[in-house]
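S.K.: Please find one structure pasted underneath; my questions will follow.
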Amino acid sequence: MNEIGITVKKEDDMPEWYSQVVLKSGMADYSAVKGCAVIRPLGYAIWQNIMDFFNERISLMGVENAYFPMFIPESFFHREAQHVDGFAPEVAWVEQKSDTNERIAVRPTSEAIMYDSYAKWIRSHRDLPLRINQWCNIVRWEVSDVKIFLRSREFLWQEGHCVYATEEECQKEVLDILEEYRRLVEELLAIPVIKGEKSEHERFPGAKRTYTIESFMPDGKALQAGTSHNLGQGFAKAFNITFQGTDEKDHHPWQSSWGFSTRLLGAMVMQHSDDKGLVLPPRVAPTQAVIIPITIKKKPELSEQVLTKAKELEKQLKDAGVRVKLDDREEYSPGFKYSDWELKGVPIRIEVGPRDIENNQCILAKRNDGEKSTVNLDSLSEKVKETLEQIHQELFDKAKKQIDEKTVQVKTYDELKKAMEERKIAIAHHCGDPESEDVIKAELGGVTTRCRPMGEDQADEGAVCVHTGKPAKYKVIFSKNY
RNA sequence: GGGGUUGUGGUGUAGCUUGGUCUAUCAUCUGUGGUUUGGGACCAUAGGACCCCAGUUCAAAUCUGGGCAACCCCA
């Protein structure tokens with residue numbers, strides 16, 4: 001086995017396979033600081049495509065981008081009690097004294113620093129709603145088990161922080177954002193998700209309600225792809241945010257916050273990639289198609305003809321809006337290039353050689369399933385665009401099928417235990433007690449309630465809790481998680 | 001937080017048990033020259049490594065202790 005490609009199989013050793021795909025495809029690399037990775041141009045280009053897509057969506061909702069400092073005075077954290085408890089263990093502190101003799105935190109999330117400003121900016125109901133998003137880096141000093149993209153000490157994310165006059169408006173947009181997250185992850189990254197509400201136990205520290213989109217990886221573990229929180233009025237009270245209403249009285253507004261991170265890149269890799277390397281969903285792929293010219297040195301005039309044709313096709317595809325690349329490197333054989341681009345995950349490969357030109361055709365190969373077809377050059381652009389959409393759908397359908405096959409309904413604790421040992425996703429009734437969730441987590445090795453699936457979270461009539469046997473309140477999804 | 005495994009050129013490795021021509025193996029890689037090119041081409045030639053610190057010893061890649069790092073399992 002050579003060392004350029006992936007040397008383990010996805011199903012044999014997923015952790016090793018994952019890091020090989022991420023490193024060898026050129027998405028990311030380790031750095032000198034534990035838990036902090038370098039996002040290389042390929043990985044960053046994907047992130048940029050995600051940012052572009054999402055920026056367009058939220059600007060339609062009236063959300064504006066801004067930037068707040070990465071340093072937060074310690075006292076700000078203490079204003080909201082649950083918030084400080086929730087994040088304290090993983091905050092990185094700057095021990096050097098600030099001008100006010102106070103320790104300074106590197107942001108693990110920005111509620112504290114942003115809401116201090118919000119308190120200054122919001123005076124009247126006319127200032128609401130206030131909708132701000134920021135793209136930034138975040139530091140959470142994880143102690144163990146760091147993994148590129150999935151759990152790192154520094155990561156990139158977006159965090160939206162909105163303020164509303166009424167609860168109804170706030171709750172509505174919390175759910176609107178959740179829908180935007182579903183759209184982003186399913187329609188851009190081809191990863192199927194389940195929308196749900198987190199239990200009290202799994203809520204964001206300080207939030208009134210937390211909603212999530214959960215994805216499920218091929219090994220049966222859940223991965224939280226994005227969360228949208230209804231913060232209620234707790235932060236407004238803690239940070240002294242008030243507005244004068246039309247009734248000429250002061251009120252505390254309602255707030256939301258919502259975020260997703262570069263973890264999505266990790267989810268994308270795990271969901272779709274294979275033993276040959278990265279498989280990129282076409283809509284985020286920085287390069288959607290690569291053209292490999294087949295040249296023959298002995299016949300320079302023929303090679304020249306092939307290269308000319310290849311350049312022509314490149315332009316044609318570019319004009320049609322396809323992100324295309326021509327690989328005219330002379331020092332590598334076509335076979336090497338095939339493998340190289342497969343490792344890098346490019347969705348479509350186009351081969352053009354002398355025989356093809358004679359017949360006004362080319363070979364089109366799909367990265368996701370290796371399927372090759374012969375395409376007439378006159379209809380190439382159309383065919384490529386069509387195939388990109390087809391690949392997106394195939395990736396999504398395949399992932400969806402995997403999830404459906406792994407999902408089981410369980411009624412007893414033994415069934416739940418067995419399902420978790422088999423790395424399944426279990427749907428069961430639960431009483432909703434936080435203590436019960438703690439016991440399950442301890443007894444079943446990290447198993448948590450992922451969420452109450454939206455629209456179908458109410459317990460059946462007379463159903464009992466899978467764990468405590470008490471009357472059930474909710475239907476919940478259980479699984480191990482990343 | 002607990003346990004285990006592993007650190008050798010850019011990358012993957014052999015050597016470590018039993019210390020000694022190790023002046024460190026092989027492949028890939030990088031540079032140069034030439035022949036090649038429809039699934040990771042070949043020849044010639046050059047380049048490049050024992051994680052760090054201390055100890056044992058006539059002698060350490062190899063043994064001991066500590067540190068650092070990576071990976072895996074469990075909480």
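By order of appearance in the structure tokens: chains A, B, ..., then residues from 1 within every chain, and ligands from 1 in the order shown.
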Find the residues near range 69-73 of chain A: any atom within 6 Å, counting only C-alpha atoms (C1' of nucleotides), skip ones fewer than 6 places away on the same chain, and give them as a ChimeraX atom specification.

M.R.: /A:104-107,113

S.K.: Just to be explicit: take each residue in the selection above, keep N, CA and C atoms, and write the result as an mmCIF file, in the first residue's frame.

M.R.:
```cif
data_model
loop_
_atom_site.group_PDB
_atom_site.id
_atom_site.type_symbol
_atom_site.label_atom_id
_atom_site.label_comp_id
_atom_site.auth_asym_id
_atom_site.auth_seq_id
_atom_site.Cartn_x
_atom_site.Cartn_y
_atom_site.Cartn_z
ATOM 1 N N ILE A 104 -8.690 38.593 32.259
ATOM 2 C CA ILE A 104 -9.421 38.716 31.006
ATOM 3 C C ILE A 104 -9.569 37.333 30.384
ATOM 4 N N ALA A 105 -10.777 37.014 29.953
ATOM 5 C CA ALA A 105 -11.048 35.725 29.327
ATOM 6 C C ALA A 105 -10.924 35.834 27.819
ATOM 7 N N VAL A 106 -10.458 34.767 27.191
ATOM 8 C CA VAL A 106 -10.584 34.658 25.746
ATOM 9 C C VAL A 106 -11.970 34.066 25.503
ATOM 10 N N ARG A 107 -12.752 34.695 24.652
ATOM 11 C CA ARG A 107 -14.175 34.320 24.533
ATOM 12 C C ARG A 107 -14.394 32.827 24.256
ATOM 13 N N ILE A 113 -19.799 39.897 26.301
ATOM 14 C CA ILE A 113 -19.228 41.146 25.781
ATOM 15 C C ILE A 113 -20.227 41.874 24.879
#
```

S.K.: Need the shell around range 228-230 of chain A: protein/DNA/RNA residues with any atom at most 12 Å away, counting only C-alpha atoms (C1' of nucleotides). Skip same-chain ones fewer than 6 positions apart. Format as JSON, numbers by chain?

M.R.: {"A": [111, 158, 159, 160, 161, 162, 163, 164, 166, 167, 168, 169, 170, 171, 172, 173, 174, 175, 176, 177, 178, 179, 180, 181, 182, 195, 196, 197, 198, 202, 203, 204, 205, 206, 207, 208, 209, 210, 211, 212, 213, 214, 253, 254, 255, 256, 257, 258, 259, 260]}

S.K.: Excluding Asp328 in chain A and its own-chain neighbours fewer than 2 positions away, which residues fall within 12 Å of it when counting only C-alpha atoms (C1' of nucleotides)? Please give them as number ranges by chain.

M.R.: A: 290-295, 303-304, 306-311, 314, 325-326, 330-334, 337, 351-352

S.K.: Just list as a PyMOL selection string whatever in range 235-426 of chain A DSSP marks as strand (DSSP E or B).

M.R.: chain A and resi 243-244+250-251+254-261+274+277+289-293+324-326+348-352+361-366+372-376+407-409+425-426

S.K.: Quick check: residues of chain B within 12 Å of chain A, only C-alpha atoms (C1' of nucleotides), returned as a list of chain:residue names.

M.R.: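 Filtering chain B at 12 Å from chain A with only C-alpha atoms (C1' of nucleotides) gives B:G1, B:G2, B:U11, B:G12, B:U13, B:A27, B:U28, B:C29, B:U35, B:U36, B:U37, B:G38, B:G39, B:G40, B:A41, B:C68, B:A69, B:A70, B:C71, B:C72, B:C73, B:C74, B:A75.
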
S.K.: Can you work out the spacing between CA of Ile132 in chain A and CA of Lys249 in chain A in Å, to one decimal?

M.R.: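 About the pair CA of Ile132 in chain A and CA of Lys249 in chain A: they are 25.3 Å apart.
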
S.K.: As a PyMOL selection string, list the residues of range 38-86 of chain A assigned to alpha helix (DSSP H) by DSSP on the backbone atoms of this structure.

M.R.: chain A and resi 41-60+74-77+81-86

S.K.: Using only C-alpha atoms (C1' of nucleotides), which of the listed residues (B:U32, B:U6, B:U62, B:U25) sits closest to U45 in chain B?

M.R.: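 Of B:U32, B:U6, B:U62, B:U25, the one nearest U45 in chain B is B:U32, counting only C-alpha atoms (C1' of nucleotides).
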
S.K.: How many Å separate CA of Ser199 in chain A from CA of Thr449 in chain A?

M.R.: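 Taking CA of Ser199 in chain A and CA of Thr449 in chain A, their separation equals 7.3 Å.
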
S.K.: With a distance cut-off of 9 Å and only C-alpha atoms (C1' of nucleotides), select the neighbouring residues of A24 in chain B, excluding the residue or stretch itself and same-chain residues fewer than 2 positions from it, and output the selection as a PyMOL selection string.

M.R.: chain B and resi 8+15+22+50+61

S.K.: Quick one: pull the distance between CA of Ala112 in chain A and CA of Gly266 in chain A, Å, one decimal.

M.R.: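 That distance, rounded to one decimal, is 28.1 Å.
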